[in-house]
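Data file: data-v7.cif. Format and content: mmCIF, C-alpha atoms.
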```
data_final
loop_
_atom_site.group_PDB
_atom_site.id
_atom_site.type_symbol
_atom_site.label_atom_id
_atom_site.label_comp_id
_atom_site.auth_asym_id
_atom_site.auth_seq_id
_atom_site.Cartn_x
_atom_site.Cartn_y
_atom_site.Cartn_z
ATOM 1 C CA MET V 16 19.469 -35.487 4.151
ATOM 2 C CA ARG V 17 15.898 -34.500 4.891
ATOM 3 C CA LYS V 18 13.297 -34.768 2.184
ATOM 4 C CA SER V 19 11.140 -31.831 1.247
ATOM 5 C CA ALA V 20 7.890 -31.449 3.186
ATOM 6 C CA ALA V 21 6.210 -30.848 -0.159
ATOM 7 C CA ARG V 22 6.997 -34.421 -1.175
ATOM 8 C CA ARG V 23 5.742 -35.797 2.163
ATOM 9 C CA GLY V 24 2.313 -34.256 1.581
ATOM 10 C CA ALA V 25 2.554 -31.607 4.324
ATOM 11 C CA PRO V 26 1.138 -28.129 3.571
ATOM 12 C CA ALA V 27 3.595 -26.418 1.271
ATOM 13 C CA GLU V 28 3.819 -23.073 -0.518
ATOM 14 C CA ARG V 29 6.232 -21.559 -2.980
ATOM 15 C CA LEU V 30 9.393 -20.352 -1.292
ATOM 16 C CA GLN V 31 9.057 -16.781 -2.543
ATOM 17 C CA LYS V 32 5.509 -16.590 -1.153
ATOM 18 C CA VAL V 33 6.680 -17.826 2.257
ATOM 19 C CA LEU V 34 9.396 -15.159 2.403
ATOM 20 C CA ALA V 35 6.905 -12.477 1.355
ATOM 21 C CA GLN V 36 4.465 -13.551 4.081
ATOM 22 C CA LEU V 37 7.278 -13.270 6.606
ATOM 23 C CA GLY V 38 7.889 -9.716 5.452
ATOM 24 C CA LEU V 39 11.494 -10.460 4.475
ATOM 25 C CA ALA V 40 11.181 -9.578 0.796
ATOM 26 C CA SER V 41 8.745 -9.100 -2.032
ATOM 27 C CA ARG V 42 8.193 -12.143 -4.250
ATOM 28 C CA ARG V 43 10.282 -10.537 -6.982
ATOM 29 C CA GLU V 44 13.143 -9.902 -4.557
ATOM 30 C CA ALA V 45 12.937 -13.491 -3.291
ATOM 31 C CA GLU V 46 13.154 -14.773 -6.875
ATOM 32 C CA ALA V 47 16.295 -12.674 -7.353
ATOM 33 C CA TRP V 48 17.773 -14.211 -4.196
ATOM 34 C CA ILE V 49 17.043 -17.701 -5.535
ATOM 35 C CA ARG V 50 18.724 -16.935 -8.850
ATOM 36 C CA ALA V 51 21.737 -15.529 -6.988
ATOM 37 C CA GLY V 52 22.097 -18.738 -4.945
ATOM 38 C CA ARG V 53 21.481 -17.000 -1.614
ATOM 39 C CA LEU V 54 18.722 -19.414 -0.506
ATOM 40 C CA SER V 55 18.890 -23.079 0.385
ATOM 41 C CA VAL V 56 16.268 -25.598 1.539
ATOM 42 C CA ASN V 57 17.329 -28.581 3.639
ATOM 43 C CA GLY V 58 20.920 -28.027 2.564
ATOM 44 C CA ASN V 59 20.185 -27.910 -1.163
ATOM 45 C CA PRO V 60 20.272 -24.775 -3.351
ATOM 46 C CA ALA V 61 16.754 -23.406 -3.795
ATOM 47 C CA THR V 62 15.221 -23.315 -7.262
ATOM 48 C CA LEU V 63 12.419 -21.216 -8.714
ATOM 49 C CA GLY V 64 9.032 -22.795 -8.077
ATOM 50 C CA LEU V 65 10.259 -24.862 -5.116
ATOM 51 C CA ARG V 66 7.581 -25.464 -2.488
ATOM 52 C CA VAL V 67 8.426 -25.661 1.195
ATOM 53 C CA GLY V 68 6.494 -26.893 4.190
ATOM 54 C CA PRO V 69 6.591 -26.016 7.910
ATOM 55 C CA GLU V 70 9.320 -28.577 8.663
ATOM 56 C CA ASP V 71 11.692 -27.577 5.872
ATOM 57 C CA GLU V 72 14.817 -25.695 6.884
ATOM 58 C CA VAL V 73 15.217 -22.515 4.847
ATOM 59 C CA ARG V 74 18.492 -20.591 4.973
ATOM 60 C CA LEU V 75 19.312 -17.147 3.612
ATOM 61 C CA ASP V 76 23.025 -16.525 3.166
ATOM 62 C CA GLY V 77 23.628 -19.503 5.445
ATOM 63 C CA ARG V 78 21.415 -18.250 8.290
ATOM 64 C CA VAL V 79 18.240 -20.091 9.238
ATOM 65 C CA VAL V 80 14.990 -18.265 8.451
ATOM 66 C CA ARG V 81 12.837 -18.522 11.580
ATOM 67 C CA ARG V 82 9.164 -19.251 10.971
ATOM 68 C CA HIS V 83 7.784 -21.020 14.011
ATOM 69 C CA GLU V 84 4.233 -19.832 13.354
ATOM 70 C CA ALA V 85 2.227 -17.896 10.825
ATOM 71 C CA PRO V 86 3.062 -14.194 11.296
ATOM 72 C CA GLU V 87 0.394 -11.773 12.385
ATOM 73 C CA LEU V 88 -1.062 -9.627 9.631
ATOM 74 C CA VAL V 89 0.278 -6.230 10.623
ATOM 75 C CA VAL V 90 -1.179 -3.097 9.005
ATOM 76 C CA PHE V 91 -0.519 0.473 10.089
ATOM 77 C CA LEU V 92 -2.746 3.416 9.195
ATOM 78 C CA CYS V 93 -0.485 6.478 9.007
ATOM 79 C CA HIS V 94 -1.041 10.204 8.632
ATOM 80 C CA ARG V 95 1.817 11.267 6.377
ATOM 81 C CA SER V 96 2.729 14.928 6.157
ATOM 82 C CA PRO V 97 3.166 16.414 2.661
ATOM 83 C CA GLY V 98 6.813 16.126 1.681
ATOM 84 C CA GLU V 99 7.570 13.426 4.246
ATOM 85 C CA PRO V 100 9.287 10.381 2.675
ATOM 86 C CA LEU V 101 7.923 6.906 3.298
ATOM 87 C CA GLY V 102 11.110 4.838 3.013
ATOM 88 C CA ARG V 103 13.855 3.927 5.406
ATOM 89 C CA PRO V 104 16.525 6.577 6.124
ATOM 90 C CA HIS V 105 19.129 4.710 4.060
ATOM 91 C CA GLU V 106 16.763 4.907 1.081
ATOM 92 C CA ASP V 107 16.418 8.672 1.428
ATOM 93 C CA PRO V 108 19.531 10.109 3.145
ATOM 94 C CA GLY V 109 19.017 13.291 5.081
ATOM 95 C CA ALA V 110 15.241 12.866 5.426
ATOM 96 C CA ALA V 111 13.225 11.585 8.376
ATOM 97 C CA ALA V 112 11.191 8.721 6.919
ATOM 98 C CA LEU V 113 7.804 7.536 8.167
ATOM 99 C CA MET V 114 8.785 3.844 8.090
ATOM 100 C CA SER V 115 11.745 4.515 10.389
ATOM 101 C CA ARG V 116 9.320 5.458 13.187
ATOM 102 C CA LEU V 117 7.231 2.287 13.019
ATOM 103 C CA PRO V 118 7.795 -0.290 15.781
ATOM 104 C CA ALA V 119 10.925 -2.322 15.113
ATOM 105 C CA ARG V 120 10.179 -5.904 14.102
ATOM 106 C CA ALA V 121 13.111 -8.280 13.608
ATOM 107 C CA GLY V 122 13.506 -9.133 9.943
ATOM 108 C CA ARG V 123 10.539 -7.036 8.905
ATOM 109 C CA ARG V 124 10.203 -4.660 5.990
ATOM 110 C CA PHE V 125 7.130 -2.465 5.513
ATOM 111 C CA ILE V 126 5.415 -1.997 2.161
ATOM 112 C CA ALA V 127 3.203 0.958 1.223
ATOM 113 C CA VAL V 128 -0.163 0.280 -0.435
ATOM 114 C CA SER V 129 -0.912 2.688 -3.306
ATOM 115 C CA PRO V 130 1.255 5.421 -1.745
ATOM 116 C CA MET V 131 0.477 9.075 -2.282
ATOM 117 C CA PRO V 132 2.999 11.232 -4.179
ATOM 118 C CA ARG V 133 5.636 12.643 -1.834
ATOM 119 C CA SER V 134 4.443 16.223 -2.380
ATOM 120 C CA ASP V 135 1.000 15.213 -1.089
ATOM 121 C CA GLY V 136 0.010 13.101 1.913
ATOM 122 C CA GLY V 137 -2.805 12.024 4.190
ATOM 123 C CA LEU V 138 -3.829 8.421 4.793
ATOM 124 C CA GLU V 139 -1.170 5.820 4.059
ATOM 125 C CA LEU V 140 -1.364 2.066 4.618
ATOM 126 C CA LEU V 141 1.809 0.165 5.483
ATOM 127 C CA THR V 142 1.975 -3.591 5.995
ATOM 128 C CA SER V 143 4.748 -6.046 6.812
ATOM 129 C CA ASP V 144 3.022 -8.863 4.894
ATOM 130 C CA GLY V 145 4.127 -9.015 1.268
ATOM 131 C CA ALA V 146 1.220 -11.164 0.082
ATOM 132 C CA LEU V 147 -1.312 -8.868 1.747
ATOM 133 C CA ALA V 148 0.396 -5.825 0.210
ATOM 134 C CA VAL V 149 -0.019 -7.324 -3.271
ATOM 135 C CA GLN V 150 -3.696 -8.134 -2.583
ATOM 136 C CA LEU V 151 -4.452 -4.621 -1.322
ATOM 137 C CA GLN V 152 -2.487 -2.973 -4.127
ATOM 138 C CA ARG V 153 -4.578 -4.776 -6.739
ATOM 139 C CA ALA V 154 -7.779 -3.878 -4.919
ATOM 140 C CA ALA V 155 -6.717 -0.212 -4.761
ATOM 141 C CA ARG V 156 -7.683 0.060 -8.442
ATOM 142 C CA HIS V 157 -11.317 -0.530 -7.517
ATOM 143 C CA VAL V 158 -11.834 0.497 -3.890
ATOM 144 C CA ALA V 159 -13.700 3.698 -2.967
ATOM 145 C CA SER V 160 -11.475 6.472 -1.640
ATOM 146 C CA GLU V 161 -11.862 10.114 -0.661
ATOM 147 C CA PHE V 162 -9.454 13.024 -1.069
ATOM 148 C CA SER V 163 -9.208 16.629 0.069
ATOM 149 C CA VAL V 164 -7.872 18.858 -2.704
ATOM 150 C CA ARG V 165 -6.646 22.433 -2.182
ATOM 151 C CA VAL V 166 -6.834 24.632 -5.266
ATOM 152 C CA ARG V 167 -6.401 28.253 -6.238
ATOM 153 C CA GLY V 168 -9.793 29.928 -6.544
ATOM 154 C CA GLU V 169 -13.308 28.580 -6.980
ATOM 155 C CA LEU V 170 -14.109 25.911 -9.559
ATOM 156 C CA THR V 171 -16.422 26.961 -12.345
ATOM 157 C CA ASP V 172 -19.388 24.755 -13.222
ATOM 158 C CA ALA V 173 -17.582 23.652 -16.386
ATOM 159 C CA GLN V 174 -14.440 22.717 -14.449
ATOM 160 C CA ARG V 175 -16.437 20.756 -11.890
ATOM 161 C CA GLN V 176 -18.284 18.844 -14.625
ATOM 162 C CA GLY V 177 -14.960 18.059 -16.279
ATOM 163 C CA ILE V 178 -13.663 16.639 -13.005
ATOM 164 C CA LEU V 179 -16.829 14.599 -12.489
ATOM 165 C CA SER V 180 -16.307 13.033 -15.933
ATOM 166 C CA GLY V 181 -13.213 11.328 -14.514
ATOM 167 C CA VAL V 182 -11.297 11.452 -17.824
ATOM 168 C CA LEU V 183 -7.506 11.059 -17.442
ATOM 169 C CA ASP V 184 -4.645 11.870 -19.799
ATOM 170 C CA ARG V 185 -4.155 8.233 -20.769
ATOM 171 C CA GLY V 186 -7.698 8.031 -22.140
ATOM 172 C CA THR V 187 -9.155 6.043 -19.260
ATOM 173 C CA ALA V 188 -11.622 7.406 -16.724
ATOM 174 C CA LEU V 189 -12.149 7.169 -12.987
ATOM 175 C CA LEU V 190 -15.572 6.636 -11.505
ATOM 176 C CA VAL V 191 -15.890 9.967 -9.698
ATOM 177 C CA GLU V 192 -18.801 9.830 -7.273
ATOM 178 C CA SER V 193 -18.746 13.433 -6.041
ATOM 179 C CA CYS V 194 -16.778 16.671 -5.990
ATOM 180 C CA GLU V 195 -18.010 19.071 -3.331
ATOM 181 C CA SER V 196 -16.784 22.396 -1.981
ATOM 182 C CA ALA V 197 -15.221 22.044 1.500
ATOM 183 C CA GLY V 198 -14.453 25.668 2.363
ATOM 184 C CA GLY V 199 -11.163 27.542 2.443
ATOM 185 C CA GLU V 200 -9.553 30.870 3.215
ATOM 186 C CA GLY V 201 -8.319 33.684 1.003
ATOM 187 C CA ALA V 202 -7.512 32.566 -2.511
ATOM 188 C CA ASN V 203 -7.293 28.889 -1.508
ATOM 189 C CA ARG V 204 -10.298 26.587 -1.679
ATOM 190 C CA TRP V 205 -10.705 22.986 -0.580
ATOM 191 C CA TYR V 206 -12.764 20.377 -2.416
ATOM 192 C CA SER V 207 -13.733 16.907 -1.240
ATOM 193 C CA LEU V 208 -13.579 14.314 -4.008
ATOM 194 C CA ALA V 209 -14.831 10.729 -3.778
ATOM 195 C CA ALA V 210 -13.722 8.297 -6.475
ATOM 196 C CA ARG V 211 -13.389 4.581 -7.011
ATOM 197 C CA GLY V 212 -9.892 3.357 -7.790
ATOM 198 C CA GLY V 213 -8.223 6.773 -7.845
ATOM 199 C CA SER V 214 -4.625 7.378 -6.809
ATOM 200 C CA GLY V 215 -3.283 10.702 -5.574
ATOM 201 C CA LYS V 216 -1.590 11.235 -8.943
ATOM 202 C CA ASP V 217 -4.882 10.571 -10.767
ATOM 203 C CA VAL V 218 -6.805 13.001 -8.575
ATOM 204 C CA ARG V 219 -4.293 15.776 -9.139
ATOM 205 C CA GLN V 220 -4.444 15.107 -12.876
ATOM 206 C CA LEU V 221 -8.267 15.344 -12.902
ATOM 207 C CA PHE V 222 -8.094 18.900 -11.583
ATOM 208 C CA GLU V 223 -5.102 20.015 -13.627
ATOM 209 C CA ARG V 224 -6.786 18.835 -16.853
ATOM 210 C CA GLN V 225 -9.371 21.538 -16.135
ATOM 211 C CA ALA V 226 -6.658 24.236 -15.857
ATOM 212 C CA VAL V 227 -6.960 24.254 -12.058
ATOM 213 C CA LEU V 228 -3.864 25.100 -9.992
ATOM 214 C CA VAL V 229 -3.563 22.368 -7.342
ATOM 215 C CA SER V 230 -1.387 22.963 -4.272
ATOM 216 C CA ARG V 231 -2.227 19.896 -2.179
ATOM 217 C CA VAL V 232 -3.947 16.482 -2.360
ATOM 218 C CA LEU V 233 -4.624 14.582 0.872
ATOM 219 C CA ARG V 234 -6.208 11.125 1.025
ATOM 220 C CA THR V 235 -8.787 10.939 3.812
ATOM 221 C CA ARG V 236 -10.416 7.537 3.224
ATOM 222 C CA PHE V 237 -9.419 4.185 1.750
ATOM 223 C CA GLY V 238 -12.213 1.610 1.649
ATOM 224 C CA PRO V 239 -13.642 1.253 5.181
ATOM 225 C CA LEU V 240 -10.740 3.174 6.763
ATOM 226 C CA THR V 241 -10.888 6.904 7.435
ATOM 227 C CA LEU V 242 -8.191 9.285 8.633
ATOM 228 C CA ALA V 243 -9.486 10.237 12.071
ATOM 229 C CA ARG V 244 -8.783 13.714 13.426
ATOM 230 C CA THR V 245 -7.215 12.053 16.484
ATOM 231 C CA ILE V 246 -4.279 10.901 14.322
ATOM 232 C CA ALA V 247 -2.064 13.958 13.947
ATOM 233 C CA ARG V 248 0.382 14.441 11.088
ATOM 234 C CA GLY V 249 3.323 12.083 11.397
ATOM 235 C CA GLN V 250 1.429 9.739 13.716
ATOM 236 C CA PHE V 251 0.124 6.231 13.069
ATOM 237 C CA ARG V 252 -1.871 3.435 14.652
ATOM 238 C CA LYS V 253 -1.916 -0.297 14.203
ATOM 239 C CA LEU V 254 -5.149 -1.729 12.858
ATOM 240 C CA THR V 255 -6.943 -4.198 15.092
ATOM 241 C CA PRO V 256 -7.413 -7.749 13.742
ATOM 242 C CA GLU V 257 -11.080 -6.890 13.175
ATOM 243 C CA GLN V 258 -10.204 -3.754 11.191
ATOM 244 C CA THR V 259 -7.660 -5.677 9.122
ATOM 245 C CA GLN V 260 -10.195 -8.368 8.267
ATOM 246 C CA ALA V 261 -12.801 -5.718 7.420
ATOM 247 C CA LEU V 262 -10.275 -4.070 5.075
ATOM 248 C CA ILE V 263 -9.516 -7.398 3.379
ATOM 249 C CA ALA V 264 -13.219 -8.185 3.004
ATOM 250 C CA ALA V 265 -14.047 -4.724 1.648
ATOM 251 C CA THR V 266 -11.251 -4.782 -0.917
ATOM 252 C CA ALA V 267 -12.221 -8.291 -2.014
ATOM 253 C CA ASP V 268 -15.830 -7.133 -2.490
ATOM 254 C CA SER V 269 -14.725 -4.083 -4.483
ATOM 255 C CA ARG V 270 -12.771 -6.254 -6.918
ATOM 256 C CA SER V 271 -15.586 -8.790 -7.394
ATOM 257 C CA SER V 272 -18.158 -6.054 -8.016
ATOM 258 C CA SER V 273 -16.010 -4.024 -10.451
ATOM 259 C CA PRO V 274 -16.828 -4.256 -14.180
#
```
How does this structure look as structure tokens?
Amino acid sequence: MRKSAARRGAPAERLQKVLAQLGLASRREAEAWIRAGRLSVNGNPATLGLRVGPEDEVRLDGRVVRRHEAPELVVFLCHRSPGEPLGRPHEDPGAAALMSRLPARAGRRFIAVSPMPRSDGGLELLTSDGALAVQLQRAARHVASEFSVRVRGELTDAQRQGILSGVLDRGTALLVESCESAGGEGANRWYSLAARGGSGKDVRQLFERQAVLVSRVLRTRFGPLTLARTIARGQFRKLTPEQTQALIAATADSRSSSP
């Protein structure tokens, strides 16, 4: 029986991390598979904390997990329509899901980074790399983002100052950099809000705390990425390797510079 590559000194990583990097499962899901006895390494049942190297044979439910080379870091920038679900069709029966339209990749599962509430939309990031998804999700608490917010009527000076304070219901506060009028028609008005570490839910809450009726929140920027007008609703594009690396670098810088 083959020995573990970890014991031979070859590069080795925890099994759940390897599966996450392959896009097969999140680390938590992989741990559940290990506990359920669904994974084996070199013919032996896998255990939590087990490290595997490139030459180790990993099987899931008896089938070999192919990992000939390090997978490409795949990130899609998507323009999600308000109300459009993110998940696979089987996760949301009867609804056309954004993930179902992404290019098919054998054994891949896509993970959303700081997704917007379903009633809202705009820029969404989806990646097939579990480890990268975790890294970006943590950075989302600090990275600079921009949102377009549609409200009923004009904001008063007092309401705008309340929004700029960044205070949320839970007692914490966002670093709101700006809140500017962006036009509108009839009774509806749009405002452009820039904040560091804000989610779509947080942004909506900022306005509603000031007794503002919000009808839509759209994310238009996440770190160095902006939602270009050339990407129509429901469309997406794959980030180039350079754009992906710039995103990783920007999110790493935002975390190191945060208080």
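Of the residues listed (V:Val128, V:Leu170, V:Leu65, V:Ile49), V:Val128 shows the shortest atom-to-atom separation from Gln150 of chain V; distances use all atoms listed in the file.
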> Exactly which residues make up the result of the PyMOL selection byres ((chain V and resi 176-189) around 9) on this file, given as a count of residues only?
Replying inline: 21
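Proximity to Ala148 of chain V at 10 Å, evaluated using all atoms listed in the file and with sequence-adjacent residues fewer than 3 positions away removed, yields Ala35, Gln36, Gly38, Ser41, Val90, Phe125, Ile126, Ala127, Val128, Ser129, Leu140, Leu141, Thr142, Ser143, Asp144, Gly145, Leu151, Gln152, Arg153 and Ala154 of chain V.
The shell of residues at most 10 Å from Ala265 of chain V, with all atoms listed in the file counted and near chain neighbours (fewer than 4 positions) removed, consists of Ala154, Val158, Ala159, Gly238, Pro239, Leu240, Thr259, Gln260, Ala261, Ser269 and Arg270 of chain V.
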Output file for the selection above: C-alpha atoms, as a CSV table (one decimal), keeping the file's coordinate frame:
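The result, written out as again.csv:
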```csv
chain,number,residue,atom,x,y,z
V,154,ALA,CA,-7.8,-3.9,-4.9
V,158,VAL,CA,-11.8,0.5,-3.9
V,159,ALA,CA,-13.7,3.7,-3.0
V,238,GLY,CA,-12.2,1.6,1.6
V,239,PRO,CA,-13.6,1.3,5.2
V,240,LEU,CA,-10.7,3.2,6.8
V,259,THR,CA,-7.7,-5.7,9.1
V,260,GLN,CA,-10.2,-8.4,8.3
V,261,ALA,CA,-12.8,-5.7,7.4
V,269,SER,CA,-14.7,-4.1,-4.5
V,270,ARG,CA,-12.8,-6.3,-6.9
```
Selected by the PyMOL selection byres ((chain V and resi 132) around 9) in the shown coordinates: which residues, as an mmCIF file with C-alpha atoms, keeping the file's coordinate frame?
```
data_model
loop_
_atom_site.group_PDB
_atom_site.id
_atom_site.type_symbol
_atom_site.label_atom_id
_atom_site.label_comp_id
_atom_site.auth_asym_id
_atom_site.auth_seq_id
_atom_site.Cartn_x
_atom_site.Cartn_y
_atom_site.Cartn_z
ATOM 1 C CA PRO V 97 3.166 16.414 2.661
ATOM 2 C CA GLY V 98 6.813 16.126 1.681
ATOM 3 C CA PRO V 130 1.255 5.421 -1.745
ATOM 4 C CA MET V 131 0.477 9.075 -2.282
ATOM 5 C CA ARG V 133 5.636 12.643 -1.834
ATOM 6 C CA SER V 134 4.443 16.223 -2.380
ATOM 7 C CA ASP V 135 1.000 15.213 -1.089
ATOM 8 C CA GLY V 136 0.010 13.101 1.913
ATOM 9 C CA SER V 214 -4.625 7.378 -6.809
ATOM 10 C CA GLY V 215 -3.283 10.702 -5.574
ATOM 11 C CA LYS V 216 -1.590 11.235 -8.943
ATOM 12 C CA VAL V 232 -3.947 16.482 -2.360
#
```
>> List the spatial neighbours of segment 57-61 of chain V as an MDAnalysis selection string - criterion: any atom at most 12 Å away, all atoms listed in the file, same-chain residues fewer than 4 positions off excluded.
In response: chainID V and resid 16:21 29:31 45:53 65:80
Would you put the residues from that selection into a file with C-alpha atoms, as a JSON list (two decimals), in the coordinates of the input?
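Writing the result to result_9.json gives the following:
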```json
[["chain", "number", "residue", "atom", "x", "y", "z"],
["V", 16, "MET", "CA", 19.47, -35.49, 4.15],
["V", 17, "ARG", "CA", 15.90, -34.50, 4.89],
["V", 18, "LYS", "CA", 13.30, -34.77, 2.18],
["V", 19, "SER", "CA", 11.14, -31.83, 1.25],
["V", 20, "ALA", "CA", 7.89, -31.45, 3.19],
["V", 21, "ALA", "CA", 6.21, -30.85, -0.16],
["V", 29, "ARG", "CA", 6.23, -21.56, -2.98],
["V", 30, "LEU", "CA", 9.39, -20.35, -1.29],
["V", 31, "GLN", "CA", 9.06, -16.78, -2.54],
["V", 45, "ALA", "CA", 12.94, -13.49, -3.29],
["V", 46, "GLU", "CA", 13.15, -14.77, -6.88],
["V", 47, "ALA", "CA", 16.30, -12.67, -7.35],
["V", 48, "TRP", "CA", 17.77, -14.21, -4.20],
["V", 49, "ILE", "CA", 17.04, -17.70, -5.54],
["V", 50, "ARG", "CA", 18.72, -16.93, -8.85],
["V", 51, "ALA", "CA", 21.74, -15.53, -6.99],
["V", 52, "GLY", "CA", 22.10, -18.74, -4.94],
["V", 53, "ARG", "CA", 21.48, -17.00, -1.61],
["V", 65, "LEU", "CA", 10.26, -24.86, -5.12],
["V", 66, "ARG", "CA", 7.58, -25.46, -2.49],
["V", 67, "VAL", "CA", 8.43, -25.66, 1.20],
["V", 68, "GLY", "CA", 6.49, -26.89, 4.19],
["V", 69, "PRO", "CA", 6.59, -26.02, 7.91],
["V", 70, "GLU", "CA", 9.32, -28.58, 8.66],
["V", 71, "ASP", "CA", 11.69, -27.58, 5.87],
["V", 72, "GLU", "CA", 14.82, -25.70, 6.88],
["V", 73, "VAL", "CA", 15.22, -22.52, 4.85],
["V", 74, "ARG", "CA", 18.49, -20.59, 4.97],
["V", 75, "LEU", "CA", 19.31, -17.15, 3.61],
["V", 76, "ASP", "CA", 23.02, -16.52, 3.17],
["V", 77, "GLY", "CA", 23.63, -19.50, 5.44],
["V", 78, "ARG", "CA", 21.42, -18.25, 8.29],
["V", 79, "VAL", "CA", 18.24, -20.09, 9.24],
["V", 80, "VAL", "CA", 14.99, -18.26, 8.45]]
```
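Nearest-residue note for Gly64 of chain V: choosing from V:Leu254, V:Val33, V:Ala247, V:Ala40, the minimum distance belongs to V:Val33, counting only C-alpha atoms.
Atom CA of Arg95 of chain V is positioned 19.3 Å from atom CA of Tyr206 of chain V.
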Kindly compute an axis-aligned box around the listed atoms of segment 143-159 of chain V, allowing 4 Å on each side, and express its centre and edge lengths in Å to one decimal as JSON.
```
{"center_x": -4.5, "center_y": -3.7, "center_z": -0.8, "size_x": 26.4, "size_y": 22.9, "size_z": 23.3}
```
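Of the listed residues (V:Leu88, V:Leu147, V:Val56, V:Leu63), V:Leu88 comes nearest to Glu257 of chain V; the distances count only C-alpha atoms.
What the PyMOL selection byres ((chain V and resi 164) around 9) matches in the given file is Phe162, Ser163, Arg165, Val166, Arg204, Trp205, Tyr206, Ser207, Leu208, Val218, Arg219, Phe222, Val229, Ser230, Arg231, Val232, Leu233 and Arg234 of chain V.
One distance worth recording is that between atom CA of Glu195 of chain V and atom CA of Ile246 of chain V, which is 23.8 Å.
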>> Using Å and a single decimal, report how far atom CA of Arg124 of chain V sits from atom CA of Arg236 of chain V.
In response: 24.1 Å
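Distance annotation: of V:Phe237, V:Thr266, V:Ser55, V:Val89, the residue with the minimal separation from Glu139 of chain V is V:Phe237; atom set is all atoms listed in the file.
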> Nearest to Leu138 of chain V among V:Lys32, V:His94, V:Arg81, V:Arg248, with distances taken over all atoms listed in the file: which residue is it?
Replying inline: V:His94
> Closest to Phe251 of chain V among V:Arg167, V:Arg156, V:Arg43, V:Arg116, using only C-alpha atoms?
Replying inline: V:Arg116
